[in-house]
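The file protein-v7.csv comes next; it holds CSV, C-alpha atoms.
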```
chain,number,residue,atom,x,y,z
M,1,MET,CA,168.6,240.8,-94.8
M,2,PRO,CA,165.6,238.5,-94.1
M,3,ARG,CA,162.6,240.8,-93.7
M,4,ALA,CA,159.2,240.0,-92.1
M,5,ILE,CA,155.9,241.6,-91.4
M,6,VAL,CA,154.3,239.9,-88.3
M,7,LEU,CA,150.8,240.2,-86.9
M,8,ASN,CA,150.2,239.4,-83.3
M,9,THR,CA,147.1,239.4,-81.3
M,10,ALA,CA,146.4,239.4,-77.5
M,11,GLY,CA,143.2,239.4,-75.6
M,12,LYS,CA,141.1,238.4,-72.6
M,13,ASN,CA,137.7,236.8,-72.4
M,14,ASN,CA,135.4,237.8,-69.5
M,15,VAL,CA,137.7,240.3,-67.9
M,16,THR,CA,137.7,241.1,-64.2
M,17,GLY,CA,137.2,244.8,-64.8
M,18,GLY,CA,138.6,247.8,-62.9
M,19,THR,CA,141.4,250.2,-63.3
M,20,PHE,CA,144.1,248.5,-65.4
M,21,ALA,CA,143.1,245.4,-63.6
M,22,ASP,CA,143.4,243.0,-66.5
M,23,THR,CA,146.4,242.0,-68.6
M,24,LEU,CA,146.0,240.6,-72.1
M,25,SER,CA,147.5,237.3,-73.1
M,26,ALA,CA,148.9,236.4,-76.5
M,27,PHE,CA,146.7,234.2,-78.7
M,28,SER,CA,147.9,230.7,-79.5
M,29,GLY,CA,150.8,231.0,-82.0
M,30,ASP,CA,151.3,234.7,-81.3
M,31,THR,CA,153.6,236.4,-78.8
M,32,LEU,CA,154.1,239.5,-76.8
M,33,ALA,CA,157.9,239.1,-77.0
M,34,ILE,CA,160.1,240.8,-79.5
M,35,PRO,CA,162.2,238.2,-81.3
M,36,ASN,CA,166.0,238.1,-81.5
M,37,LEU,CA,166.7,240.5,-84.4
M,38,GLN,CA,170.0,240.9,-86.2
M,39,SER,CA,169.5,244.6,-86.4
M,40,GLY,CA,168.2,244.6,-82.8
M,41,GLN,CA,165.2,246.7,-83.8
M,42,GLY,CA,161.7,246.6,-85.3
M,43,LYS,CA,158.7,248.8,-85.5
M,44,ILE,CA,155.0,248.4,-84.8
M,45,MET,CA,153.4,249.8,-87.9
M,46,ARG,CA,149.8,249.5,-86.9
M,47,MET,CA,147.8,248.6,-83.8
M,48,TRP,CA,144.0,248.3,-83.3
M,49,GLY,CA,141.7,246.9,-80.6
M,50,ILE,CA,138.2,246.6,-79.2
M,51,ASP,CA,136.3,246.0,-76.1
M,52,SER,CA,133.1,244.0,-76.6
M,53,ALA,CA,130.6,246.0,-74.5
M,54,SER,CA,132.1,249.1,-72.9
M,55,VAL,CA,134.5,252.0,-73.4
M,56,ALA,CA,138.0,250.9,-72.3
M,57,GLU,CA,141.6,252.1,-72.0
M,58,VAL,CA,144.6,250.1,-72.8
M,59,ALA,CA,148.1,250.9,-71.4
M,60,LEU,CA,151.0,249.5,-73.4
M,61,THR,CA,154.3,249.2,-71.6
M,62,ALA,CA,157.6,247.7,-72.7
M,63,GLY,CA,161.0,247.5,-71.0
M,64,ARG,CA,163.1,249.7,-73.3
M,65,VAL,CA,163.1,253.4,-72.7
M,66,GLU,CA,163.4,254.2,-76.4
M,67,SER,CA,160.3,252.1,-77.1
M,68,VAL,CA,158.0,253.2,-74.4
M,69,HIS,CA,159.4,255.8,-72.0
M,70,ASP,CA,157.2,255.4,-69.0
M,71,PRO,CA,157.2,252.0,-67.3
M,72,GLN,CA,153.9,252.5,-65.3
M,73,PHE,CA,151.3,253.3,-67.9
M,74,GLY,CA,153.5,253.6,-71.0
M,75,VAL,CA,151.4,254.6,-73.9
M,76,ARG,CA,147.7,254.9,-73.1
M,77,PHE,CA,145.0,254.3,-75.8
M,78,ASN,CA,141.3,254.9,-75.4
M,79,LEU,CA,138.8,252.5,-77.1
M,80,ALA,CA,135.6,254.3,-77.9
M,81,SER,CA,133.8,251.0,-78.2
M,82,LEU,CA,130.3,252.5,-77.9
M,83,ALA,CA,130.8,254.7,-81.0
M,84,GLN,CA,129.7,253.8,-84.5
M,85,GLY,CA,126.3,252.3,-83.6
M,86,GLY,CA,127.0,251.2,-80.0
M,87,ALA,CA,128.5,248.2,-78.2
M,88,GLY,CA,129.4,245.3,-80.4
M,89,LYS,CA,129.3,247.3,-83.6
M,90,PRO,CA,132.8,248.8,-84.3
M,91,ALA,CA,134.8,245.4,-83.9
M,92,ALA,CA,138.1,247.3,-84.2
M,93,LEU,CA,139.3,250.8,-83.4
M,94,PRO,CA,142.6,252.5,-84.3
M,95,MET,CA,145.4,252.7,-81.8
M,96,ILE,CA,148.5,253.2,-83.9
M,97,GLU,CA,148.2,254.4,-87.5
M,98,PRO,CA,150.9,255.4,-90.0
M,99,PRO,CA,152.8,257.6,-90.1
M,100,ASN,CA,153.1,257.1,-86.4
M,101,TYR,CA,154.9,253.9,-85.2
M,102,LEU,CA,156.5,252.4,-82.1
M,103,ASP,CA,160.0,251.1,-82.0
M,104,VAL,CA,160.6,247.7,-80.4
M,105,PHE,CA,163.9,246.1,-79.5
M,106,THR,CA,165.3,242.5,-79.3
M,107,GLY,CA,164.5,240.7,-76.1
M,108,ASP,CA,161.8,243.1,-74.9
M,109,ALA,CA,158.2,242.1,-74.2
M,110,LEU,CA,155.0,244.1,-74.5
M,111,THR,CA,152.5,244.3,-71.7
M,112,PHE,CA,148.9,245.4,-72.3
M,113,SER,CA,146.9,246.4,-69.2
M,114,VAL,CA,143.2,247.3,-69.6
M,115,SER,CA,140.8,249.4,-67.7
M,116,THR,CA,137.3,248.3,-68.5
M,117,THR,CA,134.0,246.7,-67.2
M,118,ALA,CA,133.7,243.2,-65.8
M,119,ALA,CA,132.7,240.4,-68.1
M,120,ASP,CA,133.7,242.2,-71.3
M,121,ASN,CA,136.0,240.7,-73.9
M,122,VAL,CA,139.1,242.7,-75.1
M,123,VAL,CA,141.2,242.1,-78.2
M,124,VAL,CA,144.2,244.0,-79.4
M,125,SER,CA,146.2,243.2,-82.6
M,126,TRP,CA,149.4,244.8,-83.9
M,127,MET,CA,151.6,244.5,-87.0
M,128,THR,CA,155.3,244.7,-86.6
M,129,GLU,CA,158.0,245.1,-89.2
M,130,TYR,CA,161.3,243.4,-88.7
M,131,GLN,CA,163.9,244.5,-91.2
M,132,ASP,CA,166.2,241.6,-90.3
M,133,LEU,CA,164.6,238.5,-88.8
M,134,PRO,CA,166.8,235.5,-89.1
M,135,GLY,CA,165.4,232.5,-91.0
M,136,VAL,CA,162.6,234.4,-92.8
M,137,GLN,CA,162.5,235.6,-96.4
M,138,ALA,CA,158.9,236.8,-96.6
M,139,SER,CA,157.4,237.5,-100.0
M,140,PHE,CA,156.2,241.1,-100.2
M,141,ALA,CA,156.2,243.5,-103.1
M,142,ASN,CA,155.6,247.2,-103.6
M,143,TRP,CA,152.7,248.7,-105.7
M,144,GLU,CA,155.0,249.8,-108.6
M,145,SER,CA,156.3,246.3,-109.0
M,146,VAL,CA,152.7,244.8,-108.8
M,147,LYS,CA,151.5,247.3,-111.4
M,148,ALA,CA,154.5,246.5,-113.7
M,149,ASN,CA,153.7,242.7,-113.5
M,150,ARG,CA,149.9,243.0,-113.5
M,151,PHE,CA,148.0,240.6,-115.8
M,152,THR,CA,144.5,240.7,-114.4
M,153,GLU,CA,142.6,240.9,-111.1
M,154,ILE,CA,140.6,238.4,-109.1
M,155,GLY,CA,138.4,238.4,-106.0
M,156,VAL,CA,138.2,235.0,-104.2
M,157,ARG,CA,135.9,234.0,-101.3
M,158,CYS,CA,137.2,232.5,-98.1
M,159,ALA,CA,135.0,232.1,-95.1
M,160,PRO,CA,137.0,231.7,-91.9
M,161,VAL,CA,135.0,231.8,-88.6
M,162,ALA,CA,136.2,233.6,-85.4
M,163,GLY,CA,136.9,231.7,-82.2
M,164,GLY,CA,134.1,230.4,-80.0
M,165,THR,CA,135.5,232.1,-77.0
M,166,PRO,CA,136.1,235.8,-77.9
M,167,GLY,CA,139.3,237.3,-76.6
M,168,SER,CA,140.9,233.9,-76.3
M,169,GLY,CA,142.1,233.0,-79.7
M,170,TYR,CA,141.6,232.9,-83.4
M,171,GLY,CA,139.0,230.6,-85.0
M,172,ALA,CA,139.9,227.6,-87.1
M,173,ALA,CA,142.4,228.3,-90.0
M,174,ARG,CA,140.8,228.1,-93.4
M,175,ALA,CA,142.7,227.7,-96.6
M,176,ALA,CA,142.4,230.4,-99.3
M,177,ASN,CA,141.1,227.8,-101.7
M,178,ALA,CA,138.6,226.1,-99.3
M,179,ASP,CA,135.6,228.0,-100.5
M,180,ASP,CA,136.7,229.2,-104.0
M,181,THR,CA,139.3,227.3,-106.0
M,182,ARG,CA,139.9,229.8,-108.8
M,183,TRP,CA,143.5,230.5,-108.0
M,184,THR,CA,145.7,229.4,-110.9
M,185,GLY,CA,148.9,227.5,-110.3
M,186,GLY,CA,152.0,229.2,-111.7
M,187,ARG,CA,150.4,232.7,-111.5
M,188,TRP,CA,151.6,235.1,-108.8
M,189,TYR,CA,149.0,236.8,-106.6
M,190,ALA,CA,149.6,240.1,-104.9
M,191,ILE,CA,147.0,240.5,-102.1
M,192,ILE,CA,146.0,244.1,-102.2
M,193,GLY,CA,143.2,243.9,-99.7
M,194,PHE,CA,139.8,242.2,-99.0
M,195,THR,CA,136.2,243.0,-98.2
M,196,VAL,CA,134.0,241.5,-95.5
M,197,GLN,CA,130.2,241.2,-94.9
M,198,THR,CA,130.5,241.7,-91.2
M,199,PRO,CA,133.0,243.8,-89.2
M,200,VAL,CA,135.5,241.8,-87.2
M,201,THR,CA,138.5,242.7,-85.2
M,202,THR,CA,141.3,241.1,-87.2
M,203,VAL,CA,141.7,239.0,-90.4
M,204,SER,CA,145.0,237.1,-90.4
M,205,PHE,CA,146.8,235.6,-93.3
M,206,LYS,CA,149.6,233.0,-92.8
M,207,GLY,CA,151.7,230.8,-95.0
M,208,PRO,CA,155.2,229.5,-95.6
M,209,MET,CA,155.8,232.3,-98.2
M,210,TRP,CA,155.6,234.8,-95.4
M,211,GLY,CA,157.9,232.8,-93.0
M,212,ASN,CA,154.9,231.1,-91.4
M,213,PHE,CA,154.2,234.3,-89.6
M,214,ARG,CA,150.9,236.0,-89.6
M,215,PHE,CA,150.2,239.3,-91.3
M,216,GLY,CA,146.8,240.8,-91.6
M,217,ALA,CA,144.5,243.7,-91.1
M,218,PRO,CA,141.7,245.1,-89.0
M,219,ALA,CA,138.2,244.9,-90.4
M,220,GLY,CA,136.2,247.0,-87.9
M,221,THR,CA,133.8,249.7,-89.0
M,222,PRO,CA,136.5,252.4,-89.1
M,223,TYR,CA,138.5,250.3,-91.6
M,224,LEU,CA,135.9,248.9,-93.9
M,225,ALA,CA,137.6,250.4,-97.0
M,226,THR,CA,139.9,247.3,-96.8
M,227,ASP,CA,139.8,246.7,-100.5
M,228,ASN,CA,143.3,248.2,-101.0
M,229,PHE,CA,144.5,247.9,-97.4
M,230,PHE,CA,148.0,246.6,-98.3
M,231,ILE,CA,148.5,249.1,-101.1
M,232,GLN,CA,147.7,251.9,-98.8
M,233,LEU,CA,150.0,250.5,-96.1
M,234,GLN,CA,152.8,250.3,-98.7
M,235,GLN,CA,152.2,253.8,-99.9
M,236,GLN,CA,152.4,255.1,-96.3
M,237,TYR,CA,155.8,253.5,-96.1
M,238,PRO,CA,157.1,254.2,-99.7
M,239,SER,CA,160.4,252.6,-99.2
M,240,GLU,CA,159.0,249.3,-97.9
M,241,ASN,CA,157.6,246.2,-99.6
M,242,LEU,CA,154.3,245.5,-97.8
M,243,ILE,CA,152.0,243.9,-100.4
M,244,PRO,CA,151.9,240.1,-99.7
M,245,VAL,CA,152.6,237.8,-102.7
M,246,PHE,CA,152.1,234.1,-103.2
M,247,ASN,CA,152.0,231.6,-106.1
M,248,GLY,CA,148.7,230.1,-107.1
M,249,PHE,CA,150.2,226.6,-106.6
M,250,ASP,CA,150.5,227.4,-102.9
M,251,ALA,CA,146.9,228.6,-102.4
M,252,GLY,CA,146.2,225.7,-100.1
M,253,SER,CA,149.0,226.8,-97.8
M,254,VAL,CA,147.6,230.4,-97.5
M,255,LEU,CA,145.6,230.2,-94.3
M,256,LEU,CA,143.1,232.7,-93.1
M,257,GLU,CA,142.0,233.2,-89.5
M,258,VAL,CA,139.7,235.6,-87.8
M,259,ALA,CA,139.7,237.2,-84.3
M,260,ASP,CA,136.8,239.0,-82.9
M,261,ASP,CA,135.2,240.4,-79.7
M,262,ALA,CA,132.1,238.3,-80.4
M,263,THR,CA,131.5,234.6,-80.6
M,264,SER,CA,132.0,232.7,-83.9
M,265,THR,CA,131.6,235.7,-86.2
M,266,SER,CA,131.8,234.7,-89.9
M,267,PRO,CA,132.9,237.8,-91.9
M,268,LYS,CA,133.0,235.9,-95.2
M,269,VAL,CA,136.2,237.4,-96.6
M,270,ASP,CA,136.6,238.2,-100.3
M,271,ILE,CA,140.3,238.4,-101.0
M,272,LEU,CA,141.2,240.9,-103.7
M,273,ALA,CA,144.4,240.0,-105.6
M,274,VAL,CA,146.3,241.3,-108.6
M,275,GLU,CA,147.2,238.3,-110.7
M,276,CYS,CA,150.7,238.6,-112.2
M,277,LYS,CA,152.6,236.4,-114.7
M,278,ASN,CA,155.9,237.1,-113.0
M,279,ASN,CA,156.7,237.4,-109.3
M,280,PRO,CA,156.4,241.0,-108.3
M,281,ALA,CA,158.1,240.3,-105.1
M,282,SER,CA,161.4,239.5,-106.8
M,283,SER,CA,161.6,242.3,-109.3
V,1,MET,CA,104.3,266.5,-90.4
V,2,THR,CA,102.2,264.4,-88.0
V,3,ASP,CA,103.3,262.1,-85.3
V,4,ASP,CA,102.1,258.6,-85.0
V,5,ALA,CA,100.9,257.7,-81.5
V,6,PHE,CA,101.0,253.9,-81.0
V,7,ASP,CA,98.8,252.6,-78.2
V,8,THR,CA,100.7,249.4,-78.1
V,9,LEU,CA,104.2,249.0,-79.6
V,10,ALA,CA,106.0,245.9,-78.5
V,11,LEU,CA,109.6,245.0,-79.2
V,12,TYR,CA,110.3,241.9,-81.1
V,13,GLY,CA,113.5,240.0,-81.5
V,14,ARG,CA,114.5,238.0,-84.5
V,15,HIS,CA,117.4,235.6,-84.8
V,16,ILE,CA,119.1,235.5,-88.2
V,17,PRO,CA,121.2,232.3,-88.2
V,18,ASP,CA,124.4,231.8,-90.1
V,19,SER,CA,126.3,228.7,-90.9
V,20,THR,CA,129.7,227.5,-92.2
V,21,SER,CA,130.4,224.4,-94.3
V,22,GLU,CA,133.4,222.2,-94.3
V,23,LYS,CA,134.3,219.9,-97.2
V,24,ALA,CA,136.0,216.7,-96.2
V,25,PRO,CA,138.6,215.0,-98.4
V,26,ASP,CA,135.9,212.4,-99.3
V,27,GLY,CA,133.7,215.2,-100.7
V,28,SER,CA,131.2,215.1,-97.9
V,29,VAL,CA,130.1,218.5,-96.6
V,30,THR,CA,129.5,219.2,-92.9
V,31,ILE,CA,127.4,222.3,-92.1
V,32,THR,CA,127.9,223.9,-88.7
V,33,GLU,CA,125.4,226.4,-87.3
V,34,LEU,CA,126.9,229.8,-86.2
V,35,PRO,CA,125.4,232.4,-83.9
V,36,GLY,CA,124.7,234.8,-86.8
V,37,PHE,CA,122.8,238.0,-86.0
V,38,TYR,CA,120.0,239.2,-83.8
V,39,GLN,CA,117.5,242.0,-84.8
V,40,VAL,CA,115.4,244.0,-82.4
V,41,GLY,CA,112.5,246.0,-83.8
V,42,PHE,CA,108.8,246.6,-83.8
V,43,LYS,CA,105.9,245.5,-86.0
V,44,VAL,CA,103.2,247.5,-87.7
V,45,GLY,CA,100.7,244.9,-88.7
V,46,ASP,CA,102.8,242.0,-90.0
V,47,ALA,CA,105.6,244.2,-91.2
V,48,PHE,CA,108.8,244.1,-89.1
V,49,PHE,CA,111.0,247.2,-88.8
V,50,PRO,CA,114.4,246.5,-87.3
V,51,LEU,CA,115.8,249.1,-84.9
V,52,THR,CA,119.1,247.5,-84.5
V,53,THR,CA,121.0,244.4,-85.5
V,54,PHE,CA,123.9,242.9,-83.6
V,55,LYS,CA,126.0,239.8,-83.4
V,56,ALA,CA,124.0,237.1,-81.8
V,57,GLY,CA,126.5,235.2,-79.7
V,58,GLU,CA,126.0,237.0,-76.4
V,59,ILE,CA,122.2,237.0,-76.5
V,60,LEU,CA,121.9,233.4,-77.6
V,61,ALA,CA,124.2,232.4,-74.6
V,62,ALA,CA,122.1,234.6,-72.3
V,63,LYS,CA,118.9,233.0,-73.6
V,64,ALA,CA,120.3,229.5,-73.1
V,65,ALA,CA,121.4,230.4,-69.6
V,66,VAL,CA,118.0,231.7,-68.7
V,67,ALA,CA,116.3,228.5,-70.2
V,68,GLU,CA,118.8,226.3,-68.3
V,69,ALA,CA,118.1,228.2,-65.1
V,70,GLY,CA,114.3,227.8,-65.7
V,71,ASP,CA,114.6,224.1,-66.4
V,72,ALA,CA,116.7,223.7,-63.2
V,73,ALA,CA,114.1,225.6,-61.2
V,74,ALA,CA,111.3,223.6,-62.7
V,75,ALA,CA,113.1,220.4,-62.0
V,76,SER,CA,113.8,221.5,-58.4
V,77,SER,CA,110.2,222.5,-57.7
V,78,SER,CA,108.9,219.2,-59.2
V,79,GLN,CA,111.2,217.3,-56.8
V,80,THR,CA,110.1,219.3,-53.7
V,81,GLU,CA,106.4,219.7,-54.3
V,82,PRO,CA,104.2,217.1,-52.7
V,83,SER,CA,102.5,214.8,-55.1
V,84,VAL,CA,98.9,215.6,-55.8
V,85,PRO,CA,96.5,212.9,-54.7
V,86,GLN,CA,94.6,211.3,-57.6
```

For the structure just supplied, provide its representation as structure tokens.
Amino acid sequence: MPRAIVLNTAGKNNVTGGTFADTLSAFSGDTLAIPNLQSGQGKIMRMWGIDSASVAEVALTAGRVESVHDPQFGVRFNLASLAQGGAGKPAALPMIEPPNYLDVFTGDALTFSVSTTAADNVVVSWMTEYQDLPGVQASFANWESVKANRFTEIGVRCAPVAGGTPGSGYGAARAANADDTRWTGGRWYAIIGFTVQTPVTTVSFKGPMWGNFRFGAPAGTPYLATDNFFIQLQQQYPSENLIPVFNGFDAGSVLLEVADDATSTSPKVDILAVECKNNPASS
Amino acid sequence: MTDDAFDTLALYGRHIPDSTSEKAPDGSVTITELPGFYQVGFKVGDAFFPLTTFKAGEILAAKAAVAEAGDAAAASSSQTEPSVPQ
């Protein structure tokens, strides 16, 4: 069963403002639609979002009753965007956290409506697990397997920059070896997390070893203990493999991108990875 | 504990720039300026004490818009004002 973990992001720059007056659009390369799944079902494992300058409320609706029951306002989430130091500071706030999740179904599409203040920027990201996505064999491991294959650990700098129009898209993709080339070809790297210098809404990783789909994590102030983000995510879903793995030969194909509610933020990501002599995703 | 009463205490803003570098296949490096951060604080003597720091994108855009509006107003007034006799 081809399995995938997929990150998507939607947003809007310079919103109109008003009561659920704005609808978010998927960023380039991302989608609000649920793909055609062999099992017919997936689940949103995490969701986070931010408004750049005001408190906001997001209403998530979907077509299927067993996903989101109410078609009018669906599941409503507050964004306390003025907390943690005031506007512009949090960068990302929790919306769905494990062990909670949201089921999604083949052929459905998510809709995010937002109540907020005119001229703000709004960004929402979510990570969905598909147990059976045709054409994908994503390389993820569990912590026990990573520990069993562990040789050493490394932290590698990569400095992607968020988009110039916040709420409209990711910034330019930056290869994992663009700023720091210390990955070793032939060794396997389990990305257990990362750290940033500046809070940002979303850090995305993408590469052919993960089906060319994004996965990633929030890096707002409530989440700044991201050094073992993927270990924690896997431990919250003990039966799932959620720690991304790649071979050092492929470091140039591991692309990082950043989304934020502010212009051209440069969080300066330090990727934390356990280096393994054997592939922990296959054992 | 005593309170300090400042007769004059002005707010100051400081831009802390950031940059990113791109290495081309030929080895040349291009450095691009980024908005970076903006600090707002006060001074005691020459010492600056930041009250808050935030991402600078919005305030730089606002400053640029104000400067552009000022330039446009200046250009407009210079076009409409009668010339001064020499």

Could you jot down the atom CA of Pro35 of chain M to atom CA of Val65 of chain M separation for me, Å, one decimal place?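 Distance reported for this atom pair: 17.5 Å.
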
Counting only C-alpha atoms, which residue out of M:Leu256, M:Leu93, M:Val161, M:Ala225 sits closest to Asp18 of chain V? M:Val161

Top pick for closest residue to chain M, considering V:Pro17, V:Pro50, V:Gly57, V:Gly27 and counting only C-alpha atoms: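 Looking only at the distances to chain M, the closest residue turns out to be V:Gly57.
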
Distance of atom CA of Ala53 of chain M from atom CA of Ala87 of chain M, expressed in Å to one decimal place: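 Calculated distance between atom CA of Ala87 of chain M and atom CA of Ala53 of chain M is 4.8 Å.
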
Return as a compact mmCIF listing (two decimals) with C-alpha atoms, keeping the file's coordinate frame the residues belonging to chain V that are within 10 Å of chain M, counting all atoms listed in the file.
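The resulting part_5.txt:
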```
# COMPACT_ATOMS: atom_id res chain seq x y z
CA ASP V 18 124.40 231.80 -90.10
CA SER V 19 126.30 228.70 -90.90
CA THR V 20 129.70 227.50 -92.20
CA SER V 21 130.40 224.40 -94.30
CA GLU V 22 133.40 222.20 -94.30
CA LYS V 23 134.30 219.90 -97.20
CA GLU V 33 125.40 226.40 -87.30
CA LEU V 34 126.90 229.80 -86.20
CA PRO V 35 125.40 232.40 -83.90
CA GLY V 36 124.70 234.80 -86.80
CA PHE V 37 122.80 238.00 -86.00
CA THR V 52 119.10 247.50 -84.50
CA THR V 53 121.00 244.40 -85.50
CA PHE V 54 123.90 242.90 -83.60
CA LYS V 55 126.00 239.80 -83.40
CA ALA V 56 124.00 237.10 -81.80
CA GLY V 57 126.50 235.20 -79.70
CA GLU V 58 126.00 237.00 -76.40
CA ALA V 61 124.20 232.40 -74.60
```

Long-range neighbours of Ser81 of chain M as a PyMOL selection string, 12 Å cut-off, only C-alpha atoms, 6 positions minimum in chain: chain M and resi 48-57+87-94+116-117+120-123+201+220-222+261

When you look at segment 4-11 of chain V with a cut-off of 9 Å (counting all atoms listed in the file), what residues show up, excluding the ones that are within fewer than 2 positions of it in the same chain? I need them as a PDB file with C-alpha atoms, in the frame of the given file.
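Written out: selection.pdb:
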```pdb
ATOM      1  CA  THR V   2     102.200 264.400 -88.000  1.00  0.00           C
ATOM      2  CA  GLY V  13     113.500 240.000 -81.500  1.00  0.00           C
ATOM      3  CA  VAL V  40     115.400 244.000 -82.400  1.00  0.00           C
ATOM      4  CA  GLY V  41     112.500 246.000 -83.800  1.00  0.00           C
ATOM      5  CA  PHE V  42     108.800 246.600 -83.800  1.00  0.00           C
ATOM      6  CA  LYS V  43     105.900 245.500 -86.000  1.00  0.00           C
ATOM      7  CA  VAL V  44     103.200 247.500 -87.700  1.00  0.00           C
TER       8      VAL V  44
END
```

Which residue, M:Ser239, M:Thr195, M:Gln137, M:Thr9, has the smallest gap to Asp227 of chain M when you use all atoms listed in the file?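 Selected residue with least distance to Asp227 of chain M: M:Thr195.
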
Give me, please, the distance in Å between atom CA of Ser204 of chain M and atom CA of Tyr170 of chain M, quoted to one decimal.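 Taking atom CA of Ser204 of chain M and atom CA of Tyr170 of chain M, their separation equals 8.8 Å.
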